[in-house]
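Structure file query34.cif; described as mmCIF, C-alpha atoms; chains and numbers go by the auth columns.
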data_final
loop_
_atom_site.group_PDB
_atom_site.id
_atom_site.type_symbol
_atom_site.label_atom_id
_atom_site.label_comp_id
_atom_site.label_asym_id
_atom_site.label_seq_id
_atom_site.Cartn_x
_atom_site.Cartn_y
_atom_site.Cartn_z
_atom_site.B_iso_or_equiv
_atom_site.auth_seq_id
_atom_site.auth_asym_id
ATOM 1 C CA MET A 1 -32.332 -11.521 18.602 0.00 1 A
ATOM 2 C CA THR A 2 -33.558 -9.041 21.183 0.00 2 A
ATOM 3 C CA LEU A 3 -33.146 -5.294 20.920 0.00 3 A
ATOM 4 C CA ASP A 4 -30.737 -5.318 23.880 0.00 4 A
ATOM 5 C CA THR A 5 -28.540 -7.908 22.146 0.00 5 A
ATOM 6 C CA LEU A 6 -28.573 -5.896 18.938 0.00 6 A
ATOM 7 C CA LEU A 7 -27.585 -2.686 20.737 0.00 7 A
ATOM 8 C CA ILE A 8 -24.699 -4.436 22.509 0.00 8 A
ATOM 9 C CA TYR A 9 -23.552 -5.781 19.143 0.00 9 A
ATOM 10 C CA LEU A 10 -23.718 -2.289 17.606 0.00 10 A
ATOM 11 C CA VAL A 11 -21.549 -0.810 20.358 0.00 11 A
ATOM 12 C CA ALA A 12 -19.035 -3.669 20.205 0.00 12 A
ATOM 13 C CA SER A 13 -18.806 -3.514 16.403 0.00 13 A
ATOM 14 C CA LEU A 14 -18.303 0.253 16.433 0.00 14 A
ATOM 15 C CA ALA A 15 -15.561 -0.080 19.050 0.00 15 A
ATOM 16 C CA LEU A 16 -13.826 -2.651 16.853 0.00 16 A
ATOM 17 C CA ALA A 17 -14.221 -0.542 13.703 0.00 17 A
ATOM 18 C CA VAL A 18 -12.649 2.627 15.107 0.00 18 A
ATOM 19 C CA ILE A 19 -9.446 0.845 16.213 0.00 19 A
ATOM 20 C CA PRO A 20 -6.813 1.704 13.576 0.00 20 A
ATOM 21 C CA GLY A 21 -6.057 -1.380 11.513 0.00 21 A
ATOM 22 C CA PRO A 22 -4.429 -2.034 8.134 0.00 22 A
ATOM 23 C CA THR A 23 -7.585 -1.335 6.119 0.00 23 A
ATOM 24 C CA MET A 24 -8.091 1.944 8.009 0.00 24 A
ATOM 25 C CA LEU A 25 -4.493 2.979 7.313 0.00 25 A
ATOM 26 C CA LEU A 26 -4.986 2.110 3.654 0.00 26 A
ATOM 27 C CA ALA A 27 -8.145 4.235 3.543 0.00 27 A
ATOM 28 C CA LEU A 28 -6.191 7.159 4.991 0.00 28 A
ATOM 29 C CA SER A 29 -3.313 6.645 2.564 0.00 29 A
ATOM 30 C CA ASN A 30 -5.631 6.271 -0.431 0.00 30 A
ATOM 31 C CA GLY A 31 -7.366 9.489 0.585 0.00 31 A
ATOM 32 C CA ILE A 32 -3.987 11.237 0.601 0.00 32 A
ATOM 33 C CA ASP A 33 -2.693 9.853 -2.679 0.00 33 A
ATOM 34 C CA GLY A 34 -5.830 9.649 -4.807 0.00 34 A
ATOM 35 C CA GLY A 35 -8.689 11.439 -3.095 0.00 35 A
ATOM 36 C CA MET A 36 -12.069 9.929 -2.302 0.00 36 A
ATOM 37 C CA ARG A 37 -12.346 8.167 -5.657 0.00 37 A
ATOM 38 C CA ARG A 38 -9.378 5.889 -5.067 0.00 38 A
ATOM 39 C CA ALA A 39 -10.249 5.570 -1.381 0.00 39 A
ATOM 40 C CA SER A 40 -13.742 4.395 -2.320 0.00 40 A
ATOM 41 C CA TRP A 41 -12.269 1.569 -4.381 0.00 41 A
ATOM 42 C CA GLY A 42 -10.111 0.546 -1.435 0.00 42 A
ATOM 43 C CA ILE A 43 -13.059 0.707 0.957 0.00 43 A
ATOM 44 C CA ALA A 44 -15.051 -1.484 -1.418 0.00 44 A
ATOM 45 C CA GLY A 45 -12.231 -4.035 -1.368 0.00 45 A
ATOM 46 C CA ALA A 46 -12.009 -4.027 2.435 0.00 46 A
ATOM 47 C CA SER A 47 -15.781 -4.390 2.741 0.00 47 A
ATOM 48 C CA LEU A 48 -15.773 -7.279 0.267 0.00 48 A
ATOM 49 C CA GLY A 49 -13.070 -8.912 2.363 0.00 49 A
ATOM 50 C CA SER A 50 -15.146 -8.549 5.541 0.00 50 A
ATOM 51 C CA ILE A 51 -18.216 -9.968 3.795 0.00 51 A
ATOM 52 C CA THR A 52 -16.165 -12.947 2.613 0.00 52 A
ATOM 53 C CA LEU A 53 -14.761 -13.640 6.084 0.00 53 A
ATOM 54 C CA ILE A 54 -18.170 -13.393 7.721 0.00 54 A
ATOM 55 C CA ALA A 55 -19.549 -15.811 5.121 0.00 55 A
ATOM 56 C CA VAL A 56 -16.654 -18.173 5.876 0.00 56 A
ATOM 57 C CA VAL A 57 -17.521 -18.091 9.572 0.00 57 A
ATOM 58 C CA ALA A 58 -21.237 -18.552 8.869 0.00 58 A
ATOM 59 C CA LEU A 59 -20.456 -21.653 6.791 0.00 59 A
ATOM 60 C CA GLY A 60 -18.426 -23.087 9.642 0.00 60 A
ATOM 61 C CA LEU A 61 -15.056 -22.835 7.908 0.00 61 A
ATOM 62 C CA GLY A 62 -13.706 -20.598 10.662 0.00 62 A
ATOM 63 C CA SER A 63 -13.463 -23.643 12.908 0.00 63 A
ATOM 64 C CA LEU A 64 -11.326 -25.364 10.248 0.00 64 A
ATOM 65 C CA LEU A 65 -8.842 -22.488 10.341 0.00 65 A
ATOM 66 C CA ALA A 66 -8.838 -22.571 14.141 0.00 66 A
ATOM 67 C CA ALA A 67 -8.128 -26.311 14.109 0.00 67 A
ATOM 68 C CA SER A 68 -5.425 -26.347 11.409 0.00 68 A
ATOM 69 C CA GLU A 69 -2.157 -24.901 12.669 0.00 69 A
ATOM 70 C CA LEU A 70 -0.538 -25.326 9.239 0.00 70 A
ATOM 71 C CA LEU A 71 -3.279 -23.383 7.447 0.00 71 A
ATOM 72 C CA PHE A 72 -3.358 -20.732 10.146 0.00 72 A
ATOM 73 C CA ASN A 73 0.399 -20.150 9.984 0.00 73 A
ATOM 74 C CA ALA A 74 0.430 -20.104 6.181 0.00 74 A
ATOM 75 C CA ILE A 75 -2.190 -17.346 6.086 0.00 75 A
ATOM 76 C CA ARG A 76 -0.527 -15.508 8.968 0.00 76 A
ATOM 77 C CA LEU A 77 2.890 -15.428 7.286 0.00 77 A
ATOM 78 C CA ALA A 78 1.359 -14.351 3.989 0.00 78 A
ATOM 79 C CA GLY A 79 -0.388 -11.527 5.816 0.00 79 A
ATOM 80 C CA VAL A 80 2.845 -10.456 7.522 0.00 80 A
ATOM 81 C CA ALA A 81 4.738 -10.368 4.218 0.00 81 A
ATOM 82 C CA TYR A 82 1.994 -8.389 2.503 0.00 82 A
ATOM 83 C CA LEU A 83 1.767 -5.796 5.291 0.00 83 A
ATOM 84 C CA VAL A 84 5.552 -5.345 5.224 0.00 84 A
ATOM 85 C CA TRP A 85 5.454 -4.840 1.452 0.00 85 A
ATOM 86 C CA LEU A 86 2.627 -2.294 1.749 0.00 86 A
ATOM 87 C CA GLY A 87 4.639 -0.489 4.414 0.00 87 A
ATOM 88 C CA VAL A 88 7.589 -0.226 2.041 0.00 88 A
ATOM 89 C CA LYS A 89 5.323 1.177 -0.696 0.00 89 A
ATOM 90 C CA LEU A 90 3.897 3.776 1.681 0.00 90 A
ATOM 91 C CA TRP A 91 7.333 4.718 3.017 0.00 91 A
ATOM 92 C CA ARG A 92 8.559 5.405 -0.502 0.00 92 A
ATOM 93 C CA SER A 93 5.491 7.457 -1.409 0.00 93 A
ATOM 94 C CA GLU A 94 6.280 11.145 -1.811 0.00 94 A
ATOM 95 C CA GLY A 95 2.780 12.420 -1.050 0.00 95 A
ATOM 96 C CA ALA A 96 0.397 13.319 -3.828 0.00 96 A
ATOM 97 C CA ASP A 97 -0.947 16.651 -5.005 0.00 97 A
ATOM 98 C CA LEU A 98 -4.725 16.215 -4.752 0.00 98 A
ATOM 99 C CA GLY A 99 -5.362 18.748 -7.496 0.00 99 A
ATOM 100 C CA ALA A 100 -3.151 16.812 -9.885 0.00 100 A
ATOM 101 C CA ALA A 101 -4.754 13.536 -8.861 0.00 101 A
ATOM 102 C CA LEU A 102 -8.256 14.823 -9.519 0.00 102 A
ATOM 103 C CA ALA A 103 -7.151 16.186 -12.898 0.00 103 A
ATOM 104 C CA LYS A 104 -6.197 12.725 -14.125 0.00 104 A
ATOM 105 C CA SER A 105 -8.437 11.198 -16.733 0.00 105 A
ATOM 106 C CA ALA A 106 -10.764 8.296 -15.913 0.00 106 A
ATOM 107 C CA ILE A 107 -8.586 5.942 -17.922 0.00 107 A
ATOM 108 C CA GLU A 108 -5.700 6.729 -15.576 0.00 108 A
ATOM 109 C CA VAL A 109 -7.671 6.681 -12.341 0.00 109 A
ATOM 110 C CA ARG A 110 -9.584 3.429 -12.783 0.00 110 A
ATOM 111 C CA PRO A 111 -6.551 1.127 -12.859 0.00 111 A
ATOM 112 C CA HIS A 112 -5.300 2.841 -9.674 0.00 112 A
ATOM 113 C CA GLY A 113 -8.733 2.248 -8.201 0.00 113 A
ATOM 114 C CA ARG A 114 -8.565 -1.449 -8.984 0.00 114 A
ATOM 115 C CA VAL A 115 -5.138 -1.630 -7.372 0.00 115 A
ATOM 116 C CA ALA A 116 -6.542 0.032 -4.229 0.00 116 A
ATOM 117 C CA LEU A 117 -9.451 -2.442 -4.229 0.00 117 A
ATOM 118 C CA MET A 118 -7.183 -5.481 -4.551 0.00 118 A
ATOM 119 C CA ARG A 119 -4.744 -4.235 -1.902 0.00 119 A
ATOM 120 C CA SER A 120 -7.486 -3.731 0.666 0.00 120 A
ATOM 121 C CA LEU A 121 -9.158 -7.023 -0.248 0.00 121 A
ATOM 122 C CA LEU A 122 -5.901 -8.957 0.144 0.00 122 A
ATOM 123 C CA VAL A 123 -5.139 -7.252 3.455 0.00 123 A
ATOM 124 C CA ALA A 124 -8.566 -8.202 4.772 0.00 124 A
ATOM 125 C CA LEU A 125 -8.313 -11.816 3.591 0.00 125 A
ATOM 126 C CA SER A 126 -4.714 -12.426 4.704 0.00 126 A
ATOM 127 C CA ASN A 127 -5.316 -11.749 8.394 0.00 127 A
ATOM 128 C CA PRO A 128 -6.317 -14.992 10.166 0.00 128 A
ATOM 129 C CA LYS A 129 -6.882 -13.055 13.388 0.00 129 A
ATOM 130 C CA THR A 130 -9.934 -11.496 11.770 0.00 130 A
ATOM 131 C CA VAL A 131 -11.423 -14.877 10.913 0.00 131 A
ATOM 132 C CA LEU A 132 -10.827 -16.168 14.429 0.00 132 A
ATOM 133 C CA PHE A 133 -12.269 -12.963 15.852 0.00 133 A
ATOM 134 C CA PHE A 134 -15.435 -13.278 13.812 0.00 134 A
ATOM 135 C CA ALA A 135 -15.615 -16.981 14.686 0.00 135 A
ATOM 136 C CA ALA A 136 -15.499 -16.118 18.394 0.00 136 A
ATOM 137 C CA PHE A 137 -17.441 -12.853 18.270 0.00 137 A
ATOM 138 C CA LEU A 138 -20.432 -13.379 16.004 0.00 138 A
ATOM 139 C CA PRO A 139 -21.808 -16.656 17.492 0.00 139 A
ATOM 140 C CA GLN A 140 -22.267 -14.909 20.857 0.00 140 A
ATOM 141 C CA PHE A 141 -25.075 -12.878 19.288 0.00 141 A
ATOM 142 C CA ILE A 142 -26.715 -15.753 17.396 0.00 142 A
ATOM 143 C CA ASP A 143 -29.932 -17.325 18.686 0.00 143 A
ATOM 144 C CA ILE A 144 -29.431 -21.004 17.869 0.00 144 A
ATOM 145 C CA THR A 145 -33.168 -21.680 18.197 0.00 145 A
ATOM 146 C CA ARG A 146 -33.856 -19.531 15.134 0.00 146 A
ATOM 147 C CA PRO A 147 -32.600 -19.711 11.526 0.00 147 A
ATOM 148 C CA GLN A 148 -28.946 -18.721 11.701 0.00 148 A
ATOM 149 C CA GLY A 149 -28.431 -17.674 8.083 0.00 149 A
ATOM 150 C CA THR A 150 -30.569 -14.552 8.346 0.00 150 A
ATOM 151 C CA GLN A 151 -28.962 -13.634 11.681 0.00 151 A
ATOM 152 C CA TYR A 152 -25.452 -13.842 10.218 0.00 152 A
ATOM 153 C CA LEU A 153 -26.678 -11.764 7.283 0.00 153 A
ATOM 154 C CA LEU A 154 -28.006 -9.079 9.615 0.00 154 A
ATOM 155 C CA LEU A 155 -24.936 -9.031 11.860 0.00 155 A
ATOM 156 C CA GLY A 156 -22.615 -8.995 8.863 0.00 156 A
ATOM 157 C CA ALA A 157 -24.500 -6.126 7.218 0.00 157 A
ATOM 158 C CA ILE A 158 -24.351 -4.069 10.423 0.00 158 A
ATOM 159 C CA PHE A 159 -20.623 -4.640 10.890 0.00 159 A
ATOM 160 C CA VAL A 160 -19.758 -3.864 7.262 0.00 160 A
ATOM 161 C CA ALA A 161 -21.908 -0.711 7.318 0.00 161 A
ATOM 162 C CA LEU A 162 -20.204 0.596 10.473 0.00 162 A
ATOM 163 C CA ASP A 163 -16.756 -0.361 9.227 0.00 163 A
ATOM 164 C CA THR A 164 -17.420 1.370 5.898 0.00 164 A
ATOM 165 C CA CYS A 165 -18.487 4.587 7.641 0.00 165 A
ATOM 166 C CA VAL A 166 -15.302 4.616 9.722 0.00 166 A
ATOM 167 C CA MET A 167 -13.122 3.970 6.652 0.00 167 A
ATOM 168 C CA LEU A 168 -14.873 6.824 4.850 0.00 168 A
ATOM 169 C CA ALA A 169 -13.981 9.075 7.800 0.00 169 A
ATOM 170 C CA TYR A 170 -10.324 7.997 7.576 0.00 170 A
ATOM 171 C CA ALA A 171 -10.306 8.605 3.815 0.00 171 A
ATOM 172 C CA ALA A 172 -11.891 12.036 4.260 0.00 172 A
ATOM 173 C CA ALA A 173 -9.214 12.863 6.820 0.00 173 A
ATOM 174 C CA GLY A 174 -6.631 11.931 4.208 0.00 174 A
ATOM 175 C CA THR A 175 -8.123 14.269 1.615 0.00 175 A
ATOM 176 C CA GLN A 176 -8.176 17.101 4.155 0.00 176 A
ATOM 177 C CA ALA A 177 -4.548 16.392 5.025 0.00 177 A
ATOM 178 C CA VAL A 178 -3.691 16.931 1.351 0.00 178 A
ATOM 179 C CA ARG A 179 -5.384 20.318 1.431 0.00 179 A
ATOM 180 C CA TRP A 180 -3.703 21.555 4.605 0.00 180 A
ATOM 181 C CA LEU A 181 -0.315 19.831 4.846 0.00 181 A
ATOM 182 C CA SER A 182 2.833 20.545 2.865 0.00 182 A
ATOM 183 C CA ARG A 183 4.403 17.860 0.695 0.00 183 A
ATOM 184 C CA ARG A 184 6.874 17.204 3.519 0.00 184 A
ATOM 185 C CA GLY A 185 3.972 16.812 5.956 0.00 185 A
ATOM 186 C CA LEU A 186 2.183 14.406 3.602 0.00 186 A
ATOM 187 C CA LYS A 187 5.351 12.383 3.223 0.00 187 A
ATOM 188 C CA ALA A 188 5.658 12.193 7.013 0.00 188 A
ATOM 189 C CA LEU A 189 2.015 11.100 7.290 0.00 189 A
ATOM 190 C CA ASN A 190 2.539 8.392 4.681 0.00 190 A
ATOM 191 C CA ARG A 191 5.591 7.199 6.589 0.00 191 A
ATOM 192 C CA SER A 192 3.536 7.124 9.778 0.00 192 A
ATOM 193 C CA CYS A 193 1.059 4.863 7.978 0.00 193 A
ATOM 194 C CA ALA A 194 4.002 2.714 6.827 0.00 194 A
ATOM 195 C CA ALA A 195 5.250 2.427 10.408 0.00 195 A
ATOM 196 C CA GLY A 196 1.722 1.451 11.450 0.00 196 A
ATOM 197 C CA MET A 197 1.700 -1.292 8.799 0.00 197 A
ATOM 198 C CA TRP A 198 5.027 -2.634 10.064 0.00 198 A
ATOM 199 C CA LEU A 199 3.814 -2.556 13.657 0.00 199 A
ATOM 200 C CA LEU A 200 0.703 -4.513 12.669 0.00 200 A
ATOM 201 C CA ALA A 201 2.889 -6.943 10.708 0.00 201 A
ATOM 202 C CA ALA A 202 5.105 -7.479 13.764 0.00 202 A
ATOM 203 C CA THR A 203 2.051 -8.012 15.954 0.00 203 A
ATOM 204 C CA LEU A 204 0.689 -10.586 13.528 0.00 204 A
ATOM 205 C CA ALA A 205 4.102 -12.271 13.198 0.00 205 A
ATOM 206 C CA PHE A 206 4.398 -12.892 16.950 0.00 206 A
ATOM 207 C CA TRP A 207 0.704 -13.448 17.649 0.00 207 A
ATOM 208 C CA ARG A 208 -0.335 -16.946 18.613 0.00 208 A
ATOM 209 C CA ARG A 209 -3.787 -18.407 18.795 0.00 209 A
ATOM 210 C CA PRO A 210 -5.277 -18.668 22.290 0.00 210 A
ATOM 211 C CA GLY A 211 -4.444 -22.049 23.784 0.00 211 A
ATOM 212 C CA THR A 212 -1.249 -22.594 21.744 0.00 212 A
#
Would you write the structure of this file as C-alpha cells?
Amino acid sequence: MTLDTLLIYLVASLALAVIPGPTMLLALSNGIDGGMRRASWGIAGASLGSITLIAVVALGLGSLLAASELLFNAIRLAGVAYLVWLGVKLWRSEGADLGAALAKSAIEVRPHGRVALMRSLLVALSNPKTVLFFAAFLPQFIDITRPQGTQYLLLGAIFVALDTCVMLAYAAAGTQAVRWLSRRGLKALNRSCAAGMWLLAATLAFWRRPGT
C-alpha cells in the first residue's frame, strides 16, 4: 500500500480507537479498582480479542457473519447480556483504595488479572458490530494485486497498537482518579462507567445491520 493510504488508515484507526467503547470503559474501571497491573491484563484481553476478529475477517469469515442473520443475532444478544451484567458489577462496585490494591500479594492479584483479561476478551468477541466494521473497513486499504495476508497483518498490528495506547491512557486516568477522588467520587465514576455499559448494550440491542 502507498504511504498516503497508510496515513489515512492511521488517522481513521486512531479516530475509532479514541471513541469510548466497552473495552475503554473496562480499562478505566480496571485502573480504578486494581491499578495498572489489573488494567494491563484487561488491555491484553481486549487486544487479543481485536487480533482474533481481524484474523476472522482476513480468513473471510466476516462475510459468513454478515450473511447469517441467526448467527449475527445470537452473538448480538450474547453481547447485550454480557454488557448489562458488567454494568451491574460496576454499579455495585464501591471504588477501590489503590494503596490497598497494590499491597495485595501476587497470589491475590493474578486471579483478578485473569478475570480482567477474560472480561475484556469476551466483550471484544461478543460484539458483532466490530466484526462487520472490520469486514467493511479493512478491505478498503488492501491492495488485491499483492499478497493480502501480510497487508492484513500490518493493518491489524497498527490498529491493535493504537488501540492499546488509548486503553493505557484510559487505565492511567483511572489510577489518577483513585489518587485524587474520594471514595464517593470513585463510586460515582464507576457508576458512570456502568451507565456507559448499559447505553452501549441498548445501542447494540436495537442496532440492525445495514440493509436489514
Write out as a PyMOL selection string each polymer residue whose atoms come within 10 Å of Arg92 of chain A, counting only C-alpha atoms; drop sequence neighbours fewer than 4 positions from it.
chain A and resi 86-88+187+190-191+194
Exercise: segment 7-12 of chain A partners within 8 Å, all atoms listed in the file, chain neighbours under 6 positions left out, as a PDB file with C-alpha atoms, keeping the file's coordinate frame:
ATOM      1  CA  PHE A 141     -25.075 -12.878  19.288  1.00  0.00           C
ATOM      2  CA  ILE A 158     -24.351  -4.069  10.423  1.00  0.00           C
ATOM      3  CA  PHE A 159     -20.623  -4.640  10.890  1.00  0.00           C
TER       4      PHE A 159
END
Can you translate the PyMOL selection byres ((chain A and resi 18) around 10) into the concrete residues it hits in this file, as a PyMOL selection string?
chain A and resi 13-17+19-21+24+162-163+165-167+169-170
May I have the residues at most 12 Å from (4.2, -4.0, 12.0) in the file's coordinates, counting only C-alpha atoms, as a PDB file with C-alpha atoms, keeping the file's coordinate frame?
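Okay, this is what ended up in out-v6.pdb:
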ATOM      1  CA  GLY A  21      -6.057  -1.380  11.513  1.00  0.00           C
ATOM      2  CA  PRO A  22      -4.429  -2.034   8.134  1.00  0.00           C
ATOM      3  CA  GLY A  79      -0.388 -11.527   5.816  1.00  0.00           C
ATOM      4  CA  VAL A  80       2.845 -10.456   7.522  1.00  0.00           C
ATOM      5  CA  ALA A  81       4.738 -10.368   4.218  1.00  0.00           C
ATOM      6  CA  TYR A  82       1.994  -8.389   2.503  1.00  0.00           C
ATOM      7  CA  LEU A  83       1.767  -5.796   5.291  1.00  0.00           C
ATOM      8  CA  VAL A  84       5.552  -5.345   5.224  1.00  0.00           C
ATOM      9  CA  TRP A  85       5.454  -4.840   1.452  1.00  0.00           C
ATOM     10  CA  LEU A  86       2.627  -2.294   1.749  1.00  0.00           C
ATOM     11  CA  GLY A  87       4.639  -0.489   4.414  1.00  0.00           C
ATOM     12  CA  VAL A  88       7.589  -0.226   2.041  1.00  0.00           C
ATOM     13  CA  SER A 192       3.536   7.124   9.778  1.00  0.00           C
ATOM     14  CA  CYS A 193       1.059   4.863   7.978  1.00  0.00           C
ATOM     15  CA  ALA A 194       4.002   2.714   6.827  1.00  0.00           C
ATOM     16  CA  ALA A 195       5.250   2.427  10.408  1.00  0.00           C
ATOM     17  CA  GLY A 196       1.722   1.451  11.450  1.00  0.00           C
ATOM     18  CA  MET A 197       1.700  -1.292   8.799  1.00  0.00           C
ATOM     19  CA  TRP A 198       5.027  -2.634  10.064  1.00  0.00           C
ATOM     20  CA  LEU A 199       3.814  -2.556  13.657  1.00  0.00           C
ATOM     21  CA  LEU A 200       0.703  -4.513  12.669  1.00  0.00           C
ATOM     22  CA  ALA A 201       2.889  -6.943  10.708  1.00  0.00           C
ATOM     23  CA  ALA A 202       5.105  -7.479  13.764  1.00  0.00           C
ATOM     24  CA  THR A 203       2.051  -8.012  15.954  1.00  0.00           C
ATOM     25  CA  LEU A 204       0.689 -10.586  13.528  1.00  0.00           C
ATOM     26  CA  ALA A 205       4.102 -12.271  13.198  1.00  0.00           C
ATOM     27  CA  PHE A 206       4.398 -12.892  16.950  1.00  0.00           C
ATOM     28  CA  TRP A 207       0.704 -13.448  17.649  1.00  0.00           C
TER      29      TRP A 207
END
Grab the atom CA of Gln140 of chain A to atom CA of Thr52 of chain A distance for me, in Å with one decimal place.
19.3 Å
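Among A:Trp41, A:Pro128, A:Phe133, A:Ala171, the residue with the shortest atom-to-atom distance to Glu69 of chain A, counting all atoms listed in the file, is A:Pro128.
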Calculate, to one decimal in Å, the centre and edge lengths of the box along x, y and z of the file that holds all listed atoms of segment 72-79 of chain A with 5 Å of margin on each side, and present them as lines of an AutoDock Vina configuration file.
center_x = -0.2
center_y = -16.1
center_z = 7.1
size_x = 16.2
size_y = 19.2
size_z = 16.2
Could you work out how far atom CA of Gly45 of chain A lies from atom CA of Lys89 of chain A, giving the answer in Å with one decimal?
18.3 Å
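If you look at atom CA of Asn127 of chain A and atom CA of Ile75 of chain A, they are 6.8 Å away from each other.
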